[in-house]
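Peer 1: Structure incoming, see below.
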Amino acid sequence: MPLLPLPLLLFLLYSRAETGQIIRGTECKPHSRPYMAFLEIVTSRGLPKACGGFLIRRNFVLTAAHCAGRSITVTLGAHNITEKEDTWQMIKLKDKANLALAVGTLPLPSQFNFVPPGRMCRVAGWGRTGVMEPISDTLQEVKLRLMEPQACSHFRDFDHNLQLCVGNPKKTKSAFKGDSGGPLLCAGVAQGIVSYGRVDAKPPAVFTRISHYRPWINKVLQAN
């Protein structure tokens, strides 16, 4: 199983309480989210960890910065991560993924595409399906609404210019541990990245606002 050299991954930002599970979501139709990447990580302390990510170029996966580790294995084209399929691609990102029906890239917003509150979006991942549940074998997804920044005022470091407040606090649907680094898809564009939230998974959660970091992303892509 090839391991990915850490510098070849494209990382974004930081987190507080790690989030990322899909709670009260539904199982995705197999391979309907061909940009999704499953990351198996060995942390600097030698501990196993899982994150999500998504393919933005044939040789770049975008994920969260706290998904960094000593070594990372990326699996593309997966639905059930416990059942090996012909669609799987386990790659070193210095090589390019082979684009196919089950493996594809996801578009990013422009620097000036400031997605507003009120929009209904989707997030997908293999994270936990409950606070005390293990990670999911199959890719799950859930619809979540972008909230006004006041809904995330209890997060000390929340910044509406840099982040998105995601998930209606009156609902139980959320992202949580295990899906960190996965994309928030709004009208076919990756507007956010799962970042952090409450330890009890109560929404809303905080996502990185990709548009703010587009100049940095472009600089990294152009240099490689």
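Every chain in the structure tokens has a letter given in the order shown (A, B, ...), and although residue numbers restart at 1 in each chain, ligands are simply numbered from 1 in the order shown.
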Which residues of segment 94-180 of chain A have any atom within 12 Å of an atom in segment 55-78 of chain A when counting only C-alpha atoms, and what is the closest pair of atoms for each, with the distance in Å to one decimal? Order the rows by chain and rising number and write it as JSON lines.
Peer 2:
{"residue": "A:Lys94", "atom": "CA", "partner": "A:Asn59", "partner_atom": "CA", "distance": 6.3}
{"residue": "A:Asp95", "atom": "CA", "partner": "A:Asn59", "partner_atom": "CA", "distance": 6.1}
{"residue": "A:Lys96", "atom": "CA", "partner": "A:Asn59", "partner_atom": "CA", "distance": 4.5}
{"residue": "A:Ala97", "atom": "CA", "partner": "A:Arg58", "partner_atom": "CA", "distance": 5.0}
{"residue": "A:Asn98", "atom": "CA", "partner": "A:Arg58", "partner_atom": "CA", "distance": 7.2}
{"residue": "A:Leu99", "atom": "CA", "partner": "A:Arg58", "partner_atom": "CA", "distance": 7.4}
{"residue": "A:Ala100", "atom": "CA", "partner": "A:Gly77", "partner_atom": "CA", "distance": 8.7}
{"residue": "A:Leu101", "atom": "CA", "partner": "A:Gly77", "partner_atom": "CA", "distance": 8.6}
{"residue": "A:Ala102", "atom": "CA", "partner": "A:Gly77", "partner_atom": "CA", "distance": 4.9}
{"residue": "A:Val103", "atom": "CA", "partner": "A:Gly77", "partner_atom": "CA", "distance": 5.1}
{"residue": "A:Gly104", "atom": "CA", "partner": "A:Leu55", "partner_atom": "CA", "distance": 6.9}
{"residue": "A:Thr105", "atom": "CA", "partner": "A:Ile56", "partner_atom": "CA", "distance": 4.8}
{"residue": "A:Leu106", "atom": "CA", "partner": "A:Ile56", "partner_atom": "CA", "distance": 5.2}
{"residue": "A:Pro107", "atom": "CA", "partner": "A:Ile56", "partner_atom": "CA", "distance": 6.5}
{"residue": "A:Leu108", "atom": "CA", "partner": "A:Ile56", "partner_atom": "CA", "distance": 7.6}
{"residue": "A:Pro109", "atom": "CA", "partner": "A:Ile56", "partner_atom": "CA", "distance": 11.4}
{"residue": "A:Gly125", "atom": "CA", "partner": "A:Ala78", "partner_atom": "CA", "distance": 11.0}
{"residue": "A:Trp126", "atom": "CA", "partner": "A:Ala78", "partner_atom": "CA", "distance": 10.3}
{"residue": "A:Asp137", "atom": "CA", "partner": "A:Ala78", "partner_atom": "CA", "distance": 10.1}
{"residue": "A:Thr138", "atom": "CA", "partner": "A:Ala78", "partner_atom": "CA", "distance": 8.5}
{"residue": "A:Leu139", "atom": "CA", "partner": "A:Ala78", "partner_atom": "CA", "distance": 8.2}
{"residue": "A:Gln140", "atom": "CA", "partner": "A:Ala78", "partner_atom": "CA", "distance": 11.9}
{"residue": "A:Lys177", "atom": "CA", "partner": "A:Cys67", "partner_atom": "CA", "distance": 11.4}
{"residue": "A:Gly178", "atom": "CA", "partner": "A:Cys67", "partner_atom": "CA", "distance": 9.9}
{"residue": "A:Asp179", "atom": "CA", "partner": "A:Ala64", "partner_atom": "CA", "distance": 9.8}
{"residue": "A:Ser180", "atom": "CA", "partner": "A:Ala64", "partner_atom": "CA", "distance": 6.4}
Peer 1: What's around Leu184 of chain A at 7 Å? Count only C-alpha atoms, leave out sequence neighbours fewer than 6 positions away in its own chain, and write the answer as a ChimeraX atom specification.
Peer 2: /A:121-123,190-193
Peer 1: For N, CA and C atoms, I'd like the residues from the last selection saved as a JSON list (two decimals), in the first residue's frame.
Peer 2:
[["chain", "number", "residue", "atom", "x", "y", "z"],
["A", 121, "CYS", "N", -26.73, 23.23, 1.12],
["A", 121, "CYS", "CA", -25.59, 22.55, 0.52],
["A", 121, "CYS", "C", -25.53, 21.11, 1.00],
["A", 122, "ARG", "N", -24.54, 20.36, 0.54],
["A", 122, "ARG", "CA", -24.37, 18.97, 0.92],
["A", 122, "ARG", "C", -22.94, 18.72, 1.38],
["A", 123, "VAL", "N", -22.79, 17.82, 2.33],
["A", 123, "VAL", "CA", -21.47, 17.37, 2.74],
["A", 123, "VAL", "C", -21.48, 15.85, 2.76],
["A", 190, "ALA", "N", -17.31, 23.29, -4.67],
["A", 190, "ALA", "CA", -16.82, 23.08, -3.30],
["A", 190, "ALA", "C", -16.61, 24.43, -2.62],
["A", 191, "GLN", "N", -17.54, 24.82, -1.77],
["A", 191, "GLN", "CA", -17.45, 26.13, -1.11],
["A", 191, "GLN", "C", -16.77, 26.05, 0.26],
["A", 192, "GLY", "N", -16.77, 24.87, 0.88],
["A", 192, "GLY", "CA", -16.22, 24.76, 2.22],
["A", 192, "GLY", "C", -15.51, 23.45, 2.46],
["A", 193, "ILE", "N", -14.76, 23.40, 3.56],
["A", 193, "ILE", "CA", -14.07, 22.19, 4.00],
["A", 193, "ILE", "C", -14.41, 21.95, 5.46]]
Peer 1: Among segment 115-167 of chain A, which residues does DSSP mark as helix (DSSP H, G or I) when it is run on the backbone? Keep the chain and numbering as in the structure and answer as a list in words.
Peer 2: Pro149, Gln150, Ala151 and Cys152 of chain A
Peer 1: Tell me, as a VMD selection string, which residues lie within 9 Å of Pro116 of chain A, counting only C-alpha atoms; anything in the same chain fewer than 4 positions away does not count.
Peer 2: chain A and resid 146 to 148
Peer 1: Would you save the residues from that selection as a CSV table (one decimal), in the first residue's frame, using C-alpha atoms?
Peer 2:
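So the final result, stored in selection36.csv, reads:
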chain,number,residue,atom,x,y,z
A,146,LEU,CA,-25.5,27.8,5.6
A,147,MET,CA,-26.3,29.9,8.7
A,148,GLU,CA,-25.9,33.6,9.6
Peer 1: What does the distance from atom CA of Tyr35 of chain A to atom CA of Pro183 of chain A come to in Å, to one decimal?
Peer 2: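 Rounded to one decimal, the two atoms are 9.3 Å apart.
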Peer 1: Can you measure atom CA of Ala223 of chain A to atom CA of Cys186 of chain A for me? One decimal in Å is fine.
Peer 2: 27.9 Å
Peer 1: I need the residues of chain A that end up classed as strand (DSSP E or B) by DSSP on the backbone, written out as a ChimeraX atom specification.
Peer 2: /A:4,10-12,18,23,26-27,36-42,48-57,60-64,71-76,80,89-91,100,103,120-125,128,135,138,140-146,163-166,174,183-186,189-196,205-209
Peer 1: Please build the interface table for segment 73-135 of chain A against segment 159-167 of chain A with a cut-off of 10 Å, listing for each qualifying residue the nearest atom pair and the distance in Å to one decimal; count only C-alpha atoms, order rows by chain and increasing number, and write it as a tab-separated table.
Peer 2:
residue	atom	partner	partner_atom	distance
A:Phe114	CA	A:Asn161	CA	8.6
A:Val115	CA	A:Leu164	CA	8.8
A:Pro116	CA	A:Leu164	CA	9.0
A:Pro117	CA	A:Cys165	CA	8.1
A:Gly118	CA	A:Val166	CA	9.7
A:Arg119	CA	A:Val166	CA	9.7
A:Met120	CA	A:Gly167	CA	9.3
A:Cys121	CA	A:Val166	CA	8.9
Peer 1: Taking only C-alpha atoms into account, which of A:Lys202, A:Arg45, A:Lys171, A:Arg209 comes nearest Phe158 of chain A?
Peer 2: A:Arg209
